[in-house]
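Participant: Hey, dropping run-v2.txt in here, compact mmCIF, C-alpha atoms and all ligand atoms:
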```
# COMPACT_ATOMS: atom_id res chain seq x y z
CA MET A 32 42.06 -3.26 -25.60
CA ASN A 33 41.48 -4.91 -22.21
CA VAL A 34 38.19 -5.93 -20.68
CA TYR A 35 37.52 -6.31 -16.94
CA LYS A 36 34.56 -7.40 -14.93
CA VAL A 37 33.61 -4.64 -12.42
CA GLY A 38 31.11 -3.49 -9.85
CA GLY A 39 28.36 -5.60 -8.35
CA ALA A 40 29.33 -8.85 -10.10
CA VAL A 41 32.81 -8.87 -8.55
CA ARG A 42 31.53 -7.67 -5.17
CA ASP A 43 28.77 -10.24 -4.89
CA ARG A 44 30.97 -13.13 -6.05
CA LEU A 45 33.49 -12.22 -3.32
CA LEU A 46 30.65 -12.10 -0.81
CA GLY A 47 29.46 -15.51 -1.96
CA ARG A 48 26.16 -14.07 -3.14
CA PRO A 49 24.41 -14.89 -6.41
CA VAL A 50 25.44 -12.67 -9.32
CA THR A 51 22.51 -11.56 -11.44
CA GLU A 52 24.05 -8.94 -13.70
CA VAL A 53 27.59 -8.51 -15.01
CA ASP A 54 29.10 -5.13 -15.91
CA TRP A 55 32.34 -4.75 -17.83
CA VAL A 56 34.81 -1.91 -18.28
CA VAL A 57 36.79 -1.61 -21.49
CA VAL A 58 40.23 0.04 -21.40
CA GLY A 59 42.10 1.24 -24.49
CA SER A 60 39.20 1.30 -26.92
CA THR A 61 37.00 3.86 -28.64
CA ALA A 62 33.32 4.10 -29.46
CA GLU A 63 34.14 3.52 -33.14
CA GLN A 64 35.98 0.28 -32.33
CA MET A 65 33.12 -0.93 -30.16
CA LEU A 66 30.62 -0.27 -32.94
CA ALA A 67 32.87 -2.01 -35.45
CA LEU A 68 32.88 -5.08 -33.16
CA GLY A 69 29.09 -5.14 -33.27
CA PHE A 70 28.35 -3.62 -29.83
CA ARG A 71 25.16 -1.57 -29.62
CA PRO A 72 25.31 1.89 -27.98
CA VAL A 73 22.85 2.41 -25.08
CA GLY A 74 22.53 6.15 -25.63
CA ALA A 75 23.64 8.79 -28.06
CA ASP A 76 26.43 10.30 -25.97
CA PHE A 77 26.94 7.84 -23.13
CA PRO A 78 30.03 5.62 -23.52
CA VAL A 79 28.23 2.38 -22.67
CA PHE A 80 27.53 -0.47 -25.11
CA LEU A 81 25.63 -3.73 -25.08
CA HIS A 82 27.34 -6.94 -26.10
CA PRO A 83 25.84 -8.16 -29.38
CA ARG A 84 25.18 -11.66 -28.01
CA THR A 85 24.98 -11.55 -24.18
CA GLY A 86 23.41 -8.07 -23.91
CA GLU A 87 25.74 -7.31 -20.96
CA GLU A 88 26.92 -3.73 -20.44
CA TYR A 89 30.39 -2.74 -21.56
CA ALA A 90 31.45 0.76 -20.54
CA LEU A 91 34.49 2.55 -21.89
CA ALA A 92 36.83 3.48 -19.06
CA ARG A 93 36.01 7.06 -18.21
CA THR A 94 36.48 9.89 -15.80
CA GLU A 95 33.54 12.11 -15.11
CA ARG A 96 33.13 15.61 -13.84
CA LYS A 97 30.10 17.40 -12.74
CA SER A 98 29.36 20.46 -14.80
CA GLY A 99 26.25 21.68 -13.03
CA ARG A 100 23.41 20.84 -10.73
CA GLY A 101 21.38 17.67 -11.12
CA TYR A 102 21.99 14.57 -13.10
CA GLY A 103 22.05 16.16 -16.52
CA GLY A 104 25.12 18.05 -15.45
CA PHE A 105 27.80 15.46 -16.21
CA VAL A 106 30.74 15.63 -18.54
CA PHE A 107 32.27 12.29 -19.44
CA HIS A 108 35.78 11.89 -20.56
CA ALA A 109 36.11 8.50 -22.23
CA SER A 110 39.19 7.90 -24.31
CA PRO A 111 41.68 5.07 -24.87
CA ASP A 112 44.17 6.72 -22.51
CA VAL A 113 41.89 6.60 -19.44
CA THR A 114 43.36 3.89 -17.22
CA LEU A 115 41.51 1.21 -15.28
CA GLU A 116 42.67 2.84 -12.04
CA GLU A 117 41.23 6.20 -13.09
CA ASP A 118 37.93 4.56 -13.91
CA LEU A 119 37.83 2.77 -10.55
CA THR A 120 38.53 6.04 -8.73
CA ARG A 121 35.33 7.71 -10.05
CA ARG A 122 33.17 4.94 -8.55
CA ASP A 123 31.03 5.22 -5.44
CA LEU A 124 32.15 2.65 -2.86
CA THR A 125 35.41 0.77 -2.39
CA ILE A 126 33.55 -2.55 -2.50
CA ASN A 127 32.16 -1.52 -5.92
CA ALA A 128 35.57 -0.43 -7.24
CA ILE A 129 37.22 -3.84 -7.65
CA ALA A 130 37.95 -5.11 -11.17
CA GLU A 131 38.66 -8.68 -12.28
CA ASP A 132 40.66 -9.57 -15.40
CA ALA A 133 40.17 -12.51 -17.74
CA GLU A 134 42.45 -14.71 -15.59
CA GLY A 135 40.45 -13.96 -12.44
CA ARG A 136 43.09 -11.60 -10.99
CA LEU A 137 41.65 -8.77 -8.92
CA ILE A 138 42.65 -5.13 -9.37
CA ASP A 139 41.71 -3.38 -6.16
CA PRO A 140 43.52 -0.07 -5.66
CA HIS A 141 41.09 1.27 -3.03
CA GLY A 142 41.05 -1.56 -0.51
CA GLY A 143 37.68 -2.95 -1.54
CA GLN A 144 38.53 -6.47 -0.42
CA ASP A 145 39.59 -5.23 3.02
CA ASP A 146 36.28 -3.39 3.31
CA LEU A 147 34.37 -6.49 2.20
CA ARG A 148 36.08 -8.44 4.99
CA GLY A 149 35.63 -5.62 7.51
CA ARG A 150 32.01 -5.09 6.42
CA TRP A 151 32.44 -1.40 5.57
CA LEU A 152 30.54 0.76 3.11
CA ARG A 153 33.15 3.41 2.41
CA HIS A 154 33.36 5.95 -0.41
CA VAL A 155 36.31 5.83 -2.78
CA SER A 156 37.13 9.53 -3.08
CA PRO A 157 35.60 13.01 -2.87
CA ALA A 158 34.29 12.37 -6.42
CA PHE A 159 31.51 10.46 -4.62
CA ALA A 160 29.76 13.82 -4.16
CA GLU A 161 29.44 14.33 -7.90
CA ASP A 162 26.34 12.14 -8.04
CA PRO A 163 23.93 12.87 -5.16
CA LEU A 164 21.98 9.71 -6.01
CA ARG A 165 24.81 7.87 -4.29
CA VAL A 166 23.41 8.96 -0.93
CA LEU A 167 20.36 6.81 -1.69
CA ARG A 168 22.52 4.05 -3.15
CA VAL A 169 24.63 3.74 -0.01
CA ALA A 170 21.51 3.64 2.15
CA ARG A 171 20.18 0.93 -0.17
CA PHE A 172 23.37 -1.12 0.13
CA ALA A 173 23.18 -0.68 3.91
CA ALA A 174 19.62 -2.10 3.79
CA ARG A 175 20.76 -5.03 1.67
CA TYR A 176 23.93 -5.97 3.49
CA ALA A 177 22.93 -5.18 7.09
CA PRO A 178 22.24 -8.89 7.74
CA LEU A 179 25.88 -9.56 6.81
CA GLY A 180 27.06 -6.98 9.34
CA PHE A 181 27.87 -4.12 6.96
CA ARG A 182 27.78 -0.53 8.23
CA ILE A 183 28.68 2.87 6.84
CA ALA A 184 32.09 4.37 7.55
CA ASP A 185 31.92 7.57 9.61
CA GLU A 186 33.65 9.62 6.93
CA THR A 187 31.16 8.40 4.32
CA LEU A 188 28.17 9.23 6.51
CA ALA A 189 29.66 12.69 7.07
CA LEU A 190 30.00 13.18 3.32
CA MET A 191 26.41 11.98 2.78
CA ARG A 192 25.30 14.55 5.35
CA ARG A 193 27.15 17.32 3.53
CA ILE A 194 25.48 16.33 0.25
CA ALA A 195 22.04 16.27 1.90
CA ASP A 196 22.68 19.66 3.54
CA SER A 197 23.78 21.16 0.23
CA GLY A 198 20.27 20.76 -1.23
CA GLU A 199 21.61 18.61 -4.11
CA LEU A 200 19.14 15.79 -3.44
CA GLU A 201 16.31 18.04 -4.55
CA ALA A 202 17.87 18.14 -8.00
CA LEU A 203 17.44 14.38 -8.51
CA THR A 204 14.69 13.41 -10.91
CA PRO A 205 11.71 11.57 -9.38
CA GLU A 206 12.38 8.66 -11.74
CA ARG A 207 15.94 8.07 -10.52
CA THR A 208 14.90 8.55 -6.92
CA TRP A 209 11.99 6.09 -7.17
CA LYS A 210 14.21 3.48 -8.80
CA GLU A 211 16.52 3.54 -5.78
CA VAL A 212 13.76 3.86 -3.20
CA SER A 213 11.68 1.01 -4.62
CA ARG A 214 14.69 -1.29 -4.72
CA ALA A 215 15.74 -0.25 -1.21
CA LEU A 216 12.29 -0.86 0.29
CA LEU A 217 12.39 -4.40 -1.10
CA GLU A 218 15.75 -5.17 0.54
CA PRO A 219 15.93 -7.34 3.67
CA ARG A 220 16.21 -4.30 5.98
CA PRO A 221 14.09 -1.41 4.62
CA ASP A 222 14.17 0.01 8.15
CA VAL A 223 17.94 0.44 7.79
CA PHE A 224 17.38 2.35 4.54
CA ILE A 225 15.05 4.86 6.24
CA GLU A 226 17.16 5.06 9.37
CA THR A 227 20.29 5.74 7.31
CA LEU A 228 18.57 8.49 5.35
CA ARG A 229 17.40 10.00 8.61
CA ARG A 230 20.87 9.90 10.14
CA CYS A 231 22.42 11.79 7.24
CA GLY A 232 19.62 14.33 6.82
CA ALA A 233 18.44 12.92 3.50
CA LEU A 234 15.04 11.88 4.87
CA ALA A 235 14.37 15.51 5.81
CA ALA A 236 15.17 16.47 2.22
CA TRP A 237 13.28 13.69 0.47
CA LEU A 238 10.34 12.94 2.79
CA PRO A 239 10.16 15.71 5.41
CA GLU A 240 6.66 14.52 6.40
CA VAL A 241 8.03 11.15 7.47
CA ASP A 242 11.15 12.67 9.00
CA THR A 243 9.07 14.59 11.54
CA LEU A 244 7.57 11.30 12.78
CA PHE A 245 10.95 10.74 14.40
CA ASP A 246 10.31 13.65 16.78
CA THR A 247 8.02 11.20 18.58
CA ALA A 248 7.97 7.47 19.28
CA ARG A 249 6.21 7.00 15.92
CA GLY A 250 9.50 6.98 14.08
CA GLU A 251 10.76 3.93 15.96
CA ARG A 252 7.42 2.21 15.48
CA LEU A 253 7.63 2.87 11.77
CA LEU A 254 11.05 1.21 11.61
CA ALA A 255 9.66 -1.86 13.40
CA VAL A 256 6.75 -2.02 10.93
CA LEU A 257 9.13 -1.86 7.96
CA ARG A 258 11.19 -4.61 9.46
CA ARG A 259 8.12 -6.80 9.81
CA CYS A 260 7.26 -6.04 6.17
CA ALA A 261 10.56 -7.56 5.11
CA GLU A 262 10.24 -10.54 7.44
CA GLY A 263 6.84 -11.23 5.88
CA GLU A 264 8.28 -10.72 2.36
CA GLN A 265 5.58 -8.17 1.59
CA PRO A 266 5.38 -6.63 -1.89
CA LEU A 267 6.43 -3.05 -2.63
CA THR A 268 2.85 -1.74 -2.48
CA VAL A 269 2.47 -2.88 1.14
CA ARG A 270 5.88 -1.54 2.13
CA TRP A 271 5.11 1.86 0.60
CA ALA A 272 1.72 1.99 2.33
CA CYS A 273 3.34 1.07 5.65
CA LEU A 274 5.98 3.77 5.22
CA LEU A 275 3.30 6.45 4.85
CA GLN A 276 0.45 5.20 6.99
CA ALA A 277 1.54 6.89 10.22
CA LEU A 278 1.01 10.29 8.57
CA GLY A 279 -2.73 10.03 9.01
CA GLU A 280 -2.78 8.99 12.65
CA ASP A 281 -3.62 12.32 14.27
CA ASP A 282 -5.42 14.00 11.44
CA PRO A 283 -6.55 11.66 8.66
CA VAL A 284 -7.52 14.52 6.34
CA GLU A 285 -4.12 16.17 6.63
CA GLY A 286 -2.46 12.73 6.40
CA LEU A 287 -4.30 12.01 3.18
CA ARG A 288 -3.22 15.35 1.76
CA GLN A 289 0.40 14.64 2.62
CA VAL A 290 0.34 11.15 1.08
CA GLN A 291 -1.24 12.58 -2.05
CA ALA A 292 1.49 15.22 -2.30
CA ILE A 293 4.29 12.67 -1.72
CA ASN A 294 2.86 10.33 -4.35
CA LEU A 295 2.58 13.08 -6.94
CA ARG A 296 5.93 14.75 -6.44
CA GLY A 297 7.65 11.33 -6.38
CA LYS A 298 5.84 10.10 -9.52
CA VAL A 299 5.08 6.96 -7.57
CA PRO A 300 3.54 4.10 -9.59
CA ARG A 301 -0.22 3.94 -9.45
CA ASP A 302 -0.59 0.68 -7.48
CA CYS A 303 1.68 2.02 -4.71
CA GLN A 304 -0.13 5.38 -4.70
CA GLU A 305 -3.52 3.78 -4.37
CA LEU A 306 -2.70 1.37 -1.57
CA ALA A 307 -0.99 4.11 0.46
CA LEU A 308 -4.01 6.41 0.12
CA LEU A 309 -6.53 3.70 0.93
CA THR A 310 -4.50 2.52 3.90
CA VAL A 311 -4.23 6.00 5.41
CA GLU A 312 -7.94 6.54 4.88
CA PHE A 313 -9.26 3.22 6.11
CA HIS A 314 -6.88 1.45 8.41
CA SER A 315 -8.40 2.80 11.59
CA ALA A 316 -11.92 1.86 10.41
CA GLY A 317 -10.52 -1.53 9.43
CA ARG A 318 -9.19 -2.11 12.92
CA ARG A 319 -12.64 -1.75 14.41
CA ALA A 320 -14.40 -3.57 11.59
CA GLN A 321 -16.72 -5.55 13.88
CA ALA A 322 -18.19 -2.31 15.20
CA LEU A 323 -18.98 -0.93 11.74
CA GLU A 324 -22.59 -0.78 10.60
CA PRO A 325 -23.22 -2.90 7.49
CA THR A 326 -23.66 0.28 5.41
CA ALA A 327 -20.27 1.66 6.49
CA LEU A 328 -18.66 -1.73 5.94
CA LEU A 329 -20.18 -2.00 2.47
CA ASP A 330 -18.94 1.50 1.60
CA LEU A 331 -15.44 0.48 2.68
CA LEU A 332 -15.55 -2.70 0.57
CA GLN A 333 -16.89 -0.76 -2.42
CA ARG A 334 -14.10 1.81 -2.13
CA PHE A 335 -11.61 -1.05 -2.40
CA ASP A 336 -13.52 -2.42 -5.40
CA ILE A 337 -13.14 -5.85 -3.84
CA TYR A 338 -14.98 -7.51 -6.73
CA ARG A 339 -12.44 -6.55 -9.38
CA ARG A 340 -9.38 -5.88 -7.18
CA PRO A 341 -9.23 -8.72 -4.62
CA GLN A 342 -5.44 -8.52 -4.49
CA ARG A 343 -5.46 -4.88 -3.43
CA PHE A 344 -7.85 -5.62 -0.58
CA ALA A 345 -5.65 -8.51 0.55
CA GLU A 346 -2.69 -6.13 0.56
CA PHE A 347 -4.65 -3.62 2.64
CA LEU A 348 -5.38 -6.37 5.19
CA ALA A 349 -1.68 -7.26 5.23
CA ALA A 350 -0.79 -3.60 5.86
CA CYS A 351 -3.36 -3.39 8.69
CA ALA A 352 -1.85 -6.47 10.31
CA LEU A 353 1.65 -5.01 10.08
CA ILE A 354 0.83 -1.60 11.53
CA ALA A 355 -1.25 -2.95 14.39
CA ASP A 356 -0.07 -2.42 17.92
CA GLU A 357 -0.62 -4.84 20.78
CA THR A 358 -3.50 -2.88 22.25
CA GLN A 359 -6.02 -3.99 19.64
CA ASP A 360 -7.19 -7.39 18.51
CA VAL A 361 -6.38 -6.66 14.90
CA PRO A 362 -6.16 -10.30 13.74
CA ALA A 363 -9.83 -10.72 14.70
CA ALA A 364 -10.76 -7.52 12.83
CA ILE A 365 -8.86 -8.69 9.77
CA ALA A 366 -10.49 -12.12 9.81
CA TYR A 367 -13.83 -10.35 10.09
CA LEU A 368 -13.07 -8.08 7.12
CA ARG A 369 -11.90 -11.00 5.03
CA SER A 370 -15.04 -13.05 5.65
CA ALA A 371 -17.24 -9.96 5.17
CA ALA A 372 -15.63 -9.38 1.77
CA ASP A 373 -16.29 -13.04 0.90
CA ALA A 374 -19.92 -12.62 1.92
CA ALA A 375 -20.35 -9.51 -0.24
CA ARG A 376 -18.63 -11.18 -3.18
CA ALA A 377 -20.84 -14.24 -2.90
CA VAL A 378 -23.88 -12.17 -3.87
CA GLN A 379 -24.58 -12.99 -7.51
CA ALA A 380 -26.07 -10.58 -10.01
CA GLN A 381 -27.51 -13.37 -12.17
CA PRO A 382 -30.59 -14.20 -10.05
CA LEU A 383 -31.44 -10.48 -9.94
CA VAL A 384 -31.09 -10.20 -13.70
CA ALA A 385 -33.33 -13.26 -14.04
CA ARG A 386 -35.91 -11.42 -11.95
CA GLY A 387 -35.84 -8.59 -14.50
CA PHE A 388 -33.57 -6.03 -12.81
CA THR A 389 -31.48 -3.91 -15.19
CA GLY A 390 -29.43 -0.70 -15.11
CA ALA A 391 -29.62 1.47 -12.00
CA ALA A 392 -32.31 -0.73 -10.48
CA LEU A 393 -29.99 -3.73 -10.77
CA GLY A 394 -27.24 -1.73 -9.03
CA GLU A 395 -29.62 -0.82 -6.21
CA ALA A 396 -30.86 -4.42 -5.85
CA LEU A 397 -27.27 -5.68 -5.73
CA ARG A 398 -26.46 -3.16 -3.01
CA GLU A 399 -29.48 -4.26 -0.98
CA ALA A 400 -28.54 -7.92 -1.36
CA ARG A 401 -24.96 -7.22 -0.29
CA LEU A 402 -26.16 -5.22 2.72
CA ALA A 403 -28.37 -8.12 3.70
CA ALA A 404 -25.41 -10.49 3.32
CA LEU A 405 -23.24 -8.25 5.52
CA THR A 406 -25.98 -8.01 8.14
CA ARG A 407 -26.25 -11.83 8.24
CA HIS A 408 -22.48 -12.04 8.40
CA ARG A 409 -22.42 -9.67 11.38
CA ASP A 410 -25.16 -11.52 13.22
CA GLU A 411 -23.46 -14.85 12.65
CA ALA A 412 -20.13 -13.49 13.87
CA ALA A 413 -21.59 -11.90 17.02
CA PRO A 414 -21.11 -13.93 20.19
CA ARG A 415 -24.36 -15.77 20.99
CA PRO A 416 -25.92 -14.97 24.36
CA SER A 417 -25.44 -17.94 26.67
CA ALA A 418 -28.61 -19.85 27.50
N1 LIG W 1 28.36 3.23 -9.98
C1 LIG W 1 28.79 4.37 -9.32
N2 LIG W 1 27.89 5.38 -9.04
C2 LIG W 1 26.60 5.27 -9.40
C3 LIG W 1 26.15 4.12 -10.08
C4 LIG W 1 27.06 3.11 -10.35
O1 LIG W 1 29.95 4.47 -8.97
N3 LIG W 1 25.75 6.27 -9.15
C5 LIG W 1 29.35 2.19 -10.30
C6 LIG W 1 29.69 1.27 -9.16
O2 LIG W 1 31.03 0.86 -9.33
C7 LIG W 1 28.76 0.09 -9.37
C8 LIG W 1 28.75 -0.02 -10.89
O3 LIG W 1 28.84 1.34 -11.34
O4 LIG W 1 29.23 -1.09 -8.76
C9 LIG W 1 27.52 -0.69 -11.46
O5 LIG W 1 26.37 -0.01 -11.06
P1 LIG W 1 24.97 -0.69 -10.86
O6 LIG W 1 24.79 -1.76 -11.86
O7 LIG W 1 23.96 0.39 -10.73
O8 LIG W 1 25.05 -1.32 -9.40
P2 LIG W 1 25.76 -2.58 -8.79
O9 LIG W 1 26.92 -2.13 -7.96
O10 LIG W 1 26.03 -3.59 -9.84
O11 LIG W 1 24.73 -3.06 -7.71
P3 LIG W 1 23.32 -3.78 -7.80
O12 LIG W 1 23.60 -5.13 -7.25
O13 LIG W 1 22.50 -2.95 -6.90
O14 LIG W 1 22.87 -3.75 -9.22
```
Now, as a test, write the supplied structure out as structure tokens.
Ligand code: CTP
Facilitator:
Amino acid sequence: MNVYKVGGAVRDRLLGRPVTEVDWVVVGSTAEQMLALGFRPVGADFPVFLHPRTGEEYALARTERKSGRGYGGFVFHASPDVTLEEDLTRRDLTINAIAEDAEGRLIDPHGGQDDLRGRWLRHVSPAFAEDPLRVLRVARFAARYAPLGFRIADETLALMRRIADSGELEALTPERTWKEVSRALLEPRPDVFIETLRRCGALAAWLPEVDTLFDTARGERLLAVLRRCAEGEQPLTVRWACLLQALGEDDPVEGLRQVQAINLRGKVPRDCQELALLTVEFHSAGRRAQALEPTALLDLLQRFDIYRRPQRFAEFLAACALIADETQDVPAAIAYLRSAADAARAVQAQPLVARGFTGAALGEALREARLAALTRHRDEAAPRPSA
């Protein structure tokens, strides 16, 4: 049996990038032999094994055919007579279809090294279409490698468009989709991810609500916001909130409904769901924070649960700063919100307890004390009349 390094580890080493995960392909072996050598299978009928010591993935060379719609519909053919070249041909991109043997020699039947030098994301063969997730993967690689000058080959973009048009993307499970999307949004150019999906029609399939923003100047603004998210190294929660926030601009109630629907159908993690919803609901109030009455401001702070969830409020402020346009003095509003939250948090329950407040009466007294603190905060922040 022969073992070769493949995929991202070879690609990233050739690009001079750090290699975080190594995948191997095994030619001329069987599942029984792998088990006898102490490898652990990753799934019941998937020909991939974990190395007993390093935990790295070793996959038997295989060909695969689609047998139906969606990801369940795959038939693998893994047997000792499947060659390395056959295995490389079933892979997605030429730059991901380079193998390296134990002596460091490269096996590159699809011109992956040429495409690395030419900065091309190009599919290997029509078998690309057998896994529609690859549309998202290519957009993700475009987002990652855009700073190095990579772009998508015309024929690959055309194939991505055909896959999107075929309706196959709808068959992807929310879990697989979110895994790609969350990684892509955290890449250096999340705007390139969204723009790529839009260009091939996949955005209309996956997030039609966001796709329609591109009928107006909002689409371009959204791309600029996502770019700023990456420049500011914002976490996923903020990037997700920024992606969806423009939905509520005309009609916040409808926007909120759309964000809710997107979150649910995408099985989006709770922290991302929450920040997106809160941002759509409150970012316009946040931008005019100085004009809010103390009661409205306190309601906003309570909705964010600033006492127990300070991080989430900080992320909301970050999102507000990122989506601001030049027409408003948003930094001043954000500074105001931050110091108002500090003022509300500074109110201690202990003195009220010492005065005998308990239960609902304590809650009411706390609210009154916080309102008083916010009123003082507003008066102190207001410009003093000149003498
Ligand atoms: N692969 C593929 N089609 C997929 C998933 C994976 O062809 N839908 C192949 C590619 O050859 C890829 C390899 O399997 O290089 C390993 O996949 P994975 O670990 O998911 O990605 P990497 O290419 O290693 O990239 P990343 O750096 O994003 O992990």
Participant: Write out as JSON, numbers by chain each polymer residue (protein, DNA or RNA) that has an atom no more than 10 Å from ligand LIG 1 (chain W), with all atoms listed in the file counted.
Facilitator: {"A": [37, 38, 39, 40, 41, 42, 43, 49, 50, 51, 52, 53, 54, 55, 56, 88, 90, 102, 118, 119, 120, 121, 122, 123, 124, 125, 126, 127, 128, 129, 130, 154, 155, 158, 159, 160, 161, 162, 163, 164, 165, 166, 167, 168, 169, 171, 172, 175, 211, 214, 215]}
Participant: Please produce a file of the residues just selected, as a compact mmCIF listing (two decimals), keeping the file's coordinate frame, where the atoms kept are C-alpha atoms.
Facilitator:
```txt
# COMPACT_ATOMS: atom_id res chain seq x y z
CA VAL A 37 33.61 -4.64 -12.42
CA GLY A 38 31.11 -3.49 -9.85
CA GLY A 39 28.36 -5.60 -8.35
CA ALA A 40 29.33 -8.85 -10.10
CA VAL A 41 32.81 -8.87 -8.55
CA ARG A 42 31.53 -7.67 -5.17
CA ASP A 43 28.77 -10.24 -4.89
CA PRO A 49 24.41 -14.89 -6.41
CA VAL A 50 25.44 -12.67 -9.32
CA THR A 51 22.51 -11.56 -11.44
CA GLU A 52 24.05 -8.94 -13.70
CA VAL A 53 27.59 -8.51 -15.01
CA ASP A 54 29.10 -5.13 -15.91
CA TRP A 55 32.34 -4.75 -17.83
CA VAL A 56 34.81 -1.91 -18.28
CA GLU A 88 26.92 -3.73 -20.44
CA ALA A 90 31.45 0.76 -20.54
CA TYR A 102 21.99 14.57 -13.10
CA ASP A 118 37.93 4.56 -13.91
CA LEU A 119 37.83 2.77 -10.55
CA THR A 120 38.53 6.04 -8.73
CA ARG A 121 35.33 7.71 -10.05
CA ARG A 122 33.17 4.94 -8.55
CA ASP A 123 31.03 5.22 -5.44
CA LEU A 124 32.15 2.65 -2.86
CA THR A 125 35.41 0.77 -2.39
CA ILE A 126 33.55 -2.55 -2.50
CA ASN A 127 32.16 -1.52 -5.92
CA ALA A 128 35.57 -0.43 -7.24
CA ILE A 129 37.22 -3.84 -7.65
CA ALA A 130 37.95 -5.11 -11.17
CA HIS A 154 33.36 5.95 -0.41
CA VAL A 155 36.31 5.83 -2.78
CA ALA A 158 34.29 12.37 -6.42
CA PHE A 159 31.51 10.46 -4.62
CA ALA A 160 29.76 13.82 -4.16
CA GLU A 161 29.44 14.33 -7.90
CA ASP A 162 26.34 12.14 -8.04
CA PRO A 163 23.93 12.87 -5.16
CA LEU A 164 21.98 9.71 -6.01
CA ARG A 165 24.81 7.87 -4.29
CA VAL A 166 23.41 8.96 -0.93
CA LEU A 167 20.36 6.81 -1.69
CA ARG A 168 22.52 4.05 -3.15
CA VAL A 169 24.63 3.74 -0.01
CA ARG A 171 20.18 0.93 -0.17
CA PHE A 172 23.37 -1.12 0.13
CA ARG A 175 20.76 -5.03 1.67
CA GLU A 211 16.52 3.54 -5.78
CA ARG A 214 14.69 -1.29 -4.72
CA ALA A 215 15.74 -0.25 -1.21
```
Participant: Please define a box with edges along x, y and z of the file around all atoms of region 198-211 of chain A given in the file, extend it by 8 Å on each side, and return its centre and edge lengths in Å to one decimal, as JSON.
Facilitator:
```
{"center_x": 16.7, "center_y": 12.1, "center_z": -6.5, "size_x": 25.9, "size_y": 33.3, "size_z": 26.5}
```
Participant: Contacts of Arg301 (chain A) at 12 Å or less, counting only C-alpha atoms, minus same-chain residues fewer than 3 places along, as an NGL selection string?
Facilitator: :A and (267-268 or 271 or 291 or 294-295 or 297-298 or 304-308 or 343)
Participant: Which one of A:Arg193, A:Arg369, A:His408, A:Arg182 sits closest to Pro157 (chain A) if you count all atoms listed in the file?
Facilitator: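 Distance minimum relative to Pro157 (chain A) lands on A:Arg193.
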Participant: Which residues, written as a ChimeraX atom specification, have at least one atom at most 10 Å from region 242-248 of chain A, with only C-alpha atoms counted and residues fewer than 6 positions away on the same chain left out?
Facilitator: /A:225-226,228-229,232-236,254,277-278
